[in-house]
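K.L.:
Take a look at the following structure, please.
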2 protein chains.
Amino acid sequence: MRNNLKVERARHNLTQAALAEKAKVSRQTINAIESGKYIPSTVLALRLSAIFGLPVNALFELEEEDRA
Amino acid sequence: MRNNLKVERARHNLTQAALAEKAKVSRQTINAIESGKYIPSTVLALRLSAIFGLPVNALFELEEEDRA
DNA sequence: TTCAAAAGTAAAGCAAACTTTACAAAAAAT
DNA sequence: ATTTTTTGTAAAGTTTGCTTTACTTTTGAA
């Protein structure tokens, strides 16, 4: 699973902590997602989509291995 | 969390079992999601998005209570 | 160079997604 | 009306997202 979080966060000039607060998750959760440690829930993905004004599909993309 | 699974599945003429197979999950998982028992993971949401040719945001929508 | 803010990382614990097995109810076909 | 397909539902177990606490490393400003 590939994601653009780091780039979008930079584009919006937000720290991991600030984004975490906006998305109502812990800072570690944002960090872990950015570093590929795990994949966000759909609720969180939709929240990030709203925060950045981008569709979920633009923010997250399945890699070959995860495709159905 | 609101979702259009049932409608899209009907539109594509798929049984729960057939969709489950396409999405590589169990039939019960599809059933549970349709009946609001739980929210799909982002991986599954993206797979369903691909199967139906619709953006995740069109398939799933946060309700007030879940918004950040 | 020093100090503070930001990012990285780790472990224990909880909650929820998902699986498997299994059976009942409803719908559709014959 | 009977049989078959589809849907609904339930329980036990596994996996994984997420939290909290806490400590280290990196970045950057003063």
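Chain labels A, B, ... are given in the sequence in which chains occur in the structure tokens; within each chain residues are numbered consecutively from 1, and ligands are likewise numbered from 1 in the order shown.
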Mind the document's chain letters and residue numbers, and return as a PyMOL selection string the residues of stretch 12-43 of chain A that DSSP labels alpha helix (DSSP H).

P.N.:
chain A and resi 16-23+27-34+42-43

K.L.:
Just N, CA and C atoms for this one: save the residues we selected as a compact mmCIF listing (two decimals), in the first residue's frame.

P.N.:
# COMPACT_ATOMS: atom_id res chain seq x y z
N GLN A 16 3.25 16.05 12.08
CA GLN A 16 2.54 14.80 12.33
C GLN A 16 1.56 15.00 13.47
N ALA A 17 2.00 15.72 14.49
CA ALA A 17 1.14 15.97 15.66
C ALA A 17 -0.09 16.77 15.28
N ALA A 18 0.11 17.78 14.45
CA ALA A 18 -1.01 18.64 14.05
C ALA A 18 -2.02 17.87 13.21
N LEU A 19 -1.50 17.06 12.29
CA LEU A 19 -2.38 16.26 11.47
C LEU A 19 -3.14 15.23 12.32
N ALA A 20 -2.40 14.63 13.25
CA ALA A 20 -3.01 13.66 14.16
C ALA A 20 -4.19 14.27 14.89
N GLU A 21 -3.99 15.49 15.36
CA GLU A 21 -5.04 16.17 16.10
C GLU A 21 -6.26 16.42 15.21
N LYS A 22 -6.01 16.90 14.02
CA LYS A 22 -7.09 17.14 13.06
C LYS A 22 -7.86 15.86 12.76
N ALA A 23 -7.13 14.77 12.65
CA ALA A 23 -7.76 13.49 12.27
C ALA A 23 -8.24 12.72 13.48
N ARG A 27 -0.39 10.76 17.41
CA ARG A 27 0.71 11.12 16.53
C ARG A 27 1.42 9.88 16.00
N GLN A 28 1.51 8.87 16.85
CA GLN A 28 2.18 7.63 16.45
C GLN A 28 1.45 6.93 15.32
N THR A 29 0.15 7.08 15.33
CA THR A 29 -0.64 6.46 14.26
C THR A 29 -0.28 7.08 12.91
N ILE A 30 -0.20 8.40 12.88
CA ILE A 30 0.19 9.08 11.65
C ILE A 30 1.59 8.65 11.22
N ASN A 31 2.48 8.64 12.19
CA ASN A 31 3.86 8.25 11.90
C ASN A 31 3.93 6.84 11.34
N ALA A 32 3.22 5.94 11.97
CA ALA A 32 3.24 4.53 11.54
C ALA A 32 2.68 4.38 10.14
N ILE A 33 1.65 5.13 9.82
CA ILE A 33 1.07 5.05 8.48
C ILE A 33 2.04 5.61 7.45
N GLU A 34 2.64 6.75 7.76
CA GLU A 34 3.59 7.34 6.83
C GLU A 34 4.77 6.43 6.57
N THR A 42 -10.63 2.56 7.22
CA THR A 42 -11.37 3.34 6.22
C THR A 42 -11.89 4.64 6.82
N VAL A 43 -12.26 4.60 8.08
CA VAL A 43 -12.70 5.83 8.74
C VAL A 43 -11.58 6.87 8.71

K.L.:
Write down, as a short mmCIF file (atom, residue, chain, number, x, y, z; two decimals) with N, CA and C atoms, in the first residue's frame, each residue of chain A that has any atom within 10 Å of an atom of chain D, counting only C-alpha atoms (C1' of nucleotides).

P.N.:
data_model
loop_
_atom_site.label_atom_id
_atom_site.label_comp_id
_atom_site.auth_asym_id
_atom_site.auth_seq_id
_atom_site.Cartn_x
_atom_site.Cartn_y
_atom_site.Cartn_z
N VAL A 25 -6.52 11.14 15.82
CA VAL A 25 -5.77 9.93 16.15
C VAL A 25 -4.49 10.35 16.85
N SER A 26 -3.72 9.38 17.31
CA SER A 26 -2.48 9.72 17.98
C SER A 26 -1.39 10.04 16.96
N GLN A 28 1.51 8.87 16.85
CA GLN A 28 2.18 7.63 16.45
C GLN A 28 1.45 6.93 15.32
N THR A 29 0.15 7.08 15.33
CA THR A 29 -0.64 6.46 14.26
C THR A 29 -0.28 7.08 12.91
N TYR A 38 1.62 0.32 9.12
CA TYR A 38 0.32 -0.27 8.88
C TYR A 38 -0.60 0.63 8.08
N ILE A 39 -1.72 0.05 7.71
CA ILE A 39 -2.65 0.71 6.82
C ILE A 39 -3.80 1.29 7.64
N PRO A 40 -4.17 2.55 7.38
CA PRO A 40 -5.23 3.17 8.18
C PRO A 40 -6.57 2.49 7.97
N SER A 41 -7.45 2.61 8.91
CA SER A 41 -8.83 2.14 8.75
C SER A 41 -9.50 3.02 7.71
#

K.L.:
When DSSP works through the backbone of this structure, what residues of chain B end up as strand (DSSP E or B), shown as a list of chain:residue names?

P.N.:
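These are the residues in question: B:Arg2, B:Asn3, B:Ser41, B:Phe60, B:Glu61.
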
K.L.:
What are the residues of chain C that have an atom within 12 Å of an atom of chain B, counting only C-alpha atoms (C1' of nucleotides), as a ChimeraX atom specification?

P.N.:
/C:16-21

K.L.:
Fit chain A to chain B, all Cα atoms paired in order, least squares. Then write it as a CSV table (one decimal) with N, CA and C atoms, in the first residue's frame.

P.N.:
chain,number,residue,atom,x,y,z
A,1,MET,N,-21.3,5.1,9.4
A,1,MET,CA,-20.7,4.9,8.0
A,1,MET,C,-21.8,4.3,7.1
A,2,ARG,N,-22.0,5.1,6.0
A,2,ARG,CA,-23.0,4.7,5.0
A,2,ARG,C,-22.3,4.1,3.8
A,3,ASN,N,-22.9,3.1,3.2
A,3,ASN,CA,-22.3,2.5,2.0
A,3,ASN,C,-23.3,2.0,1.0
A,4,ASN,N,-22.9,2.0,-0.3
A,4,ASN,CA,-23.7,1.7,-1.4
A,4,ASN,C,-23.5,0.3,-1.9
A,5,LEU,N,-22.9,-0.6,-1.1
A,5,LEU,CA,-22.6,-1.9,-1.6
A,5,LEU,C,-23.7,-2.7,-2.2
A,6,LYS,N,-24.8,-2.7,-1.4
A,6,LYS,CA,-26.0,-3.5,-1.8
A,6,LYS,C,-26.5,-3.0,-3.2
A,7,VAL,N,-26.5,-1.7,-3.4
A,7,VAL,CA,-27.0,-1.2,-4.6
A,7,VAL,C,-26.1,-1.5,-5.8
A,8,GLU,N,-24.8,-1.3,-5.6
A,8,GLU,CA,-23.8,-1.5,-6.6
A,8,GLU,C,-23.7,-3.0,-6.9
A,9,ARG,N,-23.9,-3.8,-5.9
A,9,ARG,CA,-23.9,-5.3,-6.1
A,9,ARG,C,-25.1,-5.7,-7.0
A,10,ALA,N,-26.2,-5.1,-6.7
A,10,ALA,CA,-27.4,-5.4,-7.5
A,10,ALA,C,-27.2,-4.9,-9.0
A,11,ARG,N,-26.6,-3.7,-9.1
A,11,ARG,CA,-26.3,-3.1,-10.4
A,11,ARG,C,-25.4,-4.0,-11.2
A,12,HIS,N,-24.5,-4.6,-10.5
A,12,HIS,CA,-23.6,-5.5,-11.2
A,12,HIS,C,-24.0,-7.0,-11.2
A,13,ASN,N,-25.2,-7.2,-10.7
A,13,ASN,CA,-25.8,-8.5,-10.7
A,13,ASN,C,-24.9,-9.6,-10.0
A,14,LEU,N,-24.4,-9.2,-8.9
A,14,LEU,CA,-23.5,-10.2,-8.2
A,14,LEU,C,-24.2,-10.6,-6.9
A,15,THR,N,-24.0,-11.9,-6.5
A,15,THR,CA,-24.4,-12.3,-5.2
A,15,THR,C,-23.4,-11.9,-4.2
A,16,GLN,N,-23.7,-12.0,-2.9
A,16,GLN,CA,-22.7,-11.7,-1.9
A,16,GLN,C,-21.5,-12.6,-2.0
A,17,ALA,N,-21.8,-13.9,-2.3
A,17,ALA,CA,-20.7,-14.9,-2.5
A,17,ALA,C,-19.8,-14.5,-3.7
A,18,ALA,N,-20.4,-14.1,-4.8
A,18,ALA,CA,-19.7,-13.8,-5.9
A,18,ALA,C,-18.8,-12.6,-5.7
A,19,LEU,N,-19.4,-11.6,-5.1
A,19,LEU,CA,-18.6,-10.4,-4.8
A,19,LEU,C,-17.5,-10.7,-3.8
A,20,ALA,N,-17.8,-11.5,-2.8
A,20,ALA,CA,-16.8,-11.9,-1.8
A,20,ALA,C,-15.6,-12.6,-2.5
A,21,GLU,N,-15.9,-13.4,-3.5
A,21,GLU,CA,-14.8,-14.1,-4.2
A,21,GLU,C,-14.0,-13.1,-5.0
A,22,LYS,N,-14.6,-12.2,-5.7
A,22,LYS,CA,-13.9,-11.2,-6.4
A,22,LYS,C,-13.0,-10.4,-5.5
A,23,ALA,N,-13.5,-10.1,-4.3
A,23,ALA,CA,-12.8,-9.2,-3.4
A,23,ALA,C,-11.8,-10.0,-2.5
A,24,LYS,N,-11.9,-11.3,-2.7
A,24,LYS,CA,-11.0,-12.1,-1.9
A,24,LYS,C,-11.3,-12.0,-0.4
A,25,VAL,N,-12.5,-12.0,0.0
A,25,VAL,CA,-12.9,-12.1,1.4
A,25,VAL,C,-14.0,-13.1,1.5
A,26,SER,N,-14.4,-13.4,2.8
A,26,SER,CA,-15.5,-14.4,3.0
A,26,SER,C,-16.8,-13.7,2.7
A,27,ARG,N,-17.8,-14.6,2.4
A,27,ARG,CA,-19.1,-14.1,2.1
A,27,ARG,C,-19.7,-13.3,3.3
A,28,GLN,N,-19.4,-13.8,4.5
A,28,GLN,CA,-19.9,-13.2,5.7
A,28,GLN,C,-19.3,-11.8,5.9
A,29,THR,N,-18.1,-11.6,5.4
A,29,THR,CA,-17.6,-10.2,5.5
A,29,THR,C,-18.4,-9.3,4.7
A,30,ILE,N,-18.7,-9.7,3.5
A,30,ILE,CA,-19.6,-8.8,2.6
A,30,ILE,C,-20.9,-8.5,3.3
A,31,ASN,N,-21.5,-9.6,3.8
A,31,ASN,CA,-22.8,-9.5,4.4
A,31,ASN,C,-22.7,-8.5,5.6
A,32,ALA,N,-21.7,-8.7,6.4
A,32,ALA,CA,-21.6,-7.9,7.6
A,32,ALA,C,-21.4,-6.4,7.3
A,33,ILE,N,-20.7,-6.2,6.2
A,33,ILE,CA,-20.5,-4.8,5.8
A,33,ILE,C,-21.8,-4.2,5.3
A,34,GLU,N,-22.5,-4.9,4.4
A,34,GLU,CA,-23.7,-4.5,3.9
A,34,GLU,C,-24.7,-4.2,5.0
A,35,SER,N,-24.7,-5.0,6.0
A,35,SER,CA,-25.7,-4.8,7.1
A,35,SER,C,-25.1,-3.9,8.2
A,36,GLY,N,-24.0,-3.2,7.9
A,36,GLY,CA,-23.5,-2.2,8.9
A,36,GLY,C,-22.9,-2.8,10.1
A,37,LYS,N,-22.6,-4.1,10.1
A,37,LYS,CA,-22.0,-4.6,11.3
A,37,LYS,C,-20.6,-4.2,11.6
A,38,TYR,N,-19.9,-4.0,10.5
A,38,TYR,CA,-18.6,-3.3,10.6
A,38,TYR,C,-18.1,-2.7,9.3
A,39,ILE,N,-17.1,-1.9,9.5
A,39,ILE,CA,-16.5,-1.1,8.4
A,39,ILE,C,-15.3,-1.8,7.8
A,40,PRO,N,-15.3,-1.9,6.4
A,40,PRO,CA,-14.2,-2.6,5.8
A,40,PRO,C,-12.9,-2.0,6.0
A,41,SER,N,-11.8,-2.7,5.9
A,41,SER,CA,-10.5,-2.1,5.9
A,41,SER,C,-10.3,-1.3,4.7
A,42,THR,N,-9.3,-0.5,4.7
A,42,THR,CA,-9.0,0.3,3.5
A,42,THR,C,-8.6,-0.5,2.3
A,43,VAL,N,-7.9,-1.6,2.6
A,43,VAL,CA,-7.5,-2.5,1.5
A,43,VAL,C,-8.8,-3.0,0.8
A,44,LEU,N,-9.7,-3.5,1.6
A,44,LEU,CA,-11.0,-4.0,1.0
A,44,LEU,C,-11.8,-2.9,0.3
A,45,ALA,N,-11.8,-1.7,1.0
A,45,ALA,CA,-12.5,-0.6,0.3
A,45,ALA,C,-12.0,-0.3,-1.0
A,46,LEU,N,-10.6,-0.3,-1.1
A,46,LEU,CA,-10.0,0.0,-2.4
A,46,LEU,C,-10.3,-1.1,-3.4
A,47,ARG,N,-10.3,-2.4,-2.9
A,47,ARG,CA,-10.7,-3.5,-3.9
A,47,ARG,C,-12.1,-3.3,-4.4
A,48,LEU,N,-13.0,-3.0,-3.5
A,48,LEU,CA,-14.4,-2.8,-3.9
A,48,LEU,C,-14.5,-1.6,-4.9
A,49,SER,N,-13.7,-0.6,-4.6
A,49,SER,CA,-13.7,0.6,-5.5
A,49,SER,C,-13.3,0.1,-6.9
A,50,ALA,N,-12.3,-0.7,-7.0
A,50,ALA,CA,-11.8,-1.2,-8.3
A,50,ALA,C,-12.8,-2.1,-9.0
A,51,ILE,N,-13.4,-3.0,-8.2
A,51,ILE,CA,-14.4,-3.9,-8.8
A,51,ILE,C,-15.6,-3.2,-9.4
A,52,PHE,N,-16.1,-2.2,-8.7
A,52,PHE,CA,-17.2,-1.4,-9.1
A,52,PHE,C,-16.9,-0.2,-10.0
A,53,GLY,N,-15.6,0.1,-10.1
A,53,GLY,CA,-15.2,1.2,-10.9
A,53,GLY,C,-15.7,2.5,-10.4
A,54,LEU,N,-15.7,2.6,-9.1
A,54,LEU,CA,-16.2,3.8,-8.4
A,54,LEU,C,-15.2,4.2,-7.3
A,55,PRO,N,-15.0,5.5,-7.1
A,55,PRO,CA,-14.1,6.0,-6.1
A,55,PRO,C,-14.6,5.5,-4.7
A,56,VAL,N,-13.6,5.3,-3.8
A,56,VAL,CA,-14.0,4.9,-2.4
A,56,VAL,C,-15.0,5.9,-1.8
A,57,ASN,N,-14.7,7.2,-2.1
A,57,ASN,CA,-15.6,8.2,-1.5
A,57,ASN,C,-17.0,8.1,-2.0
A,58,ALA,N,-17.2,7.5,-3.2
A,58,ALA,CA,-18.6,7.3,-3.7
A,58,ALA,C,-19.2,6.1,-3.1
A,59,LEU,N,-18.4,5.2,-2.6
A,59,LEU,CA,-18.9,3.9,-2.1
A,59,LEU,C,-19.2,4.0,-0.6
A,60,PHE,N,-18.3,4.8,0.1
A,60,PHE,CA,-18.4,4.9,1.5
A,60,PHE,C,-18.4,6.3,1.9
A,61,GLU,N,-19.3,6.6,2.9
A,61,GLU,CA,-19.3,8.0,3.4
A,61,GLU,C,-19.4,8.1,4.9
A,62,LEU,N,-18.6,8.9,5.5
A,62,LEU,CA,-18.7,9.1,6.9
A,62,LEU,C,-20.0,9.7,7.3
A,63,GLU,N,-20.5,9.3,8.5
A,63,GLU,CA,-21.6,10.0,9.0
A,63,GLU,C,-21.1,11.0,10.1
A,64,GLU,N,-21.9,11.9,10.4
A,64,GLU,CA,-21.5,13.0,11.3
A,64,GLU,C,-20.7,12.5,12.5
A,65,GLU,N,-21.2,11.5,13.2
A,65,GLU,CA,-20.5,10.9,14.4
A,65,GLU,C,-19.1,10.5,14.1
A,66,ASP,N,-18.7,10.1,12.9
A,66,ASP,CA,-17.4,9.6,12.6
A,66,ASP,C,-16.4,10.6,12.0
A,67,ARG,N,-17.0,11.8,11.7
A,67,ARG,CA,-16.2,12.8,11.1
A,67,ARG,C,-15.2,13.4,12.1
A,68,ALA,N,-14.0,13.8,11.6
A,68,ALA,CA,-13.0,14.4,12.5
A,68,ALA,C,-13.3,15.8,12.9
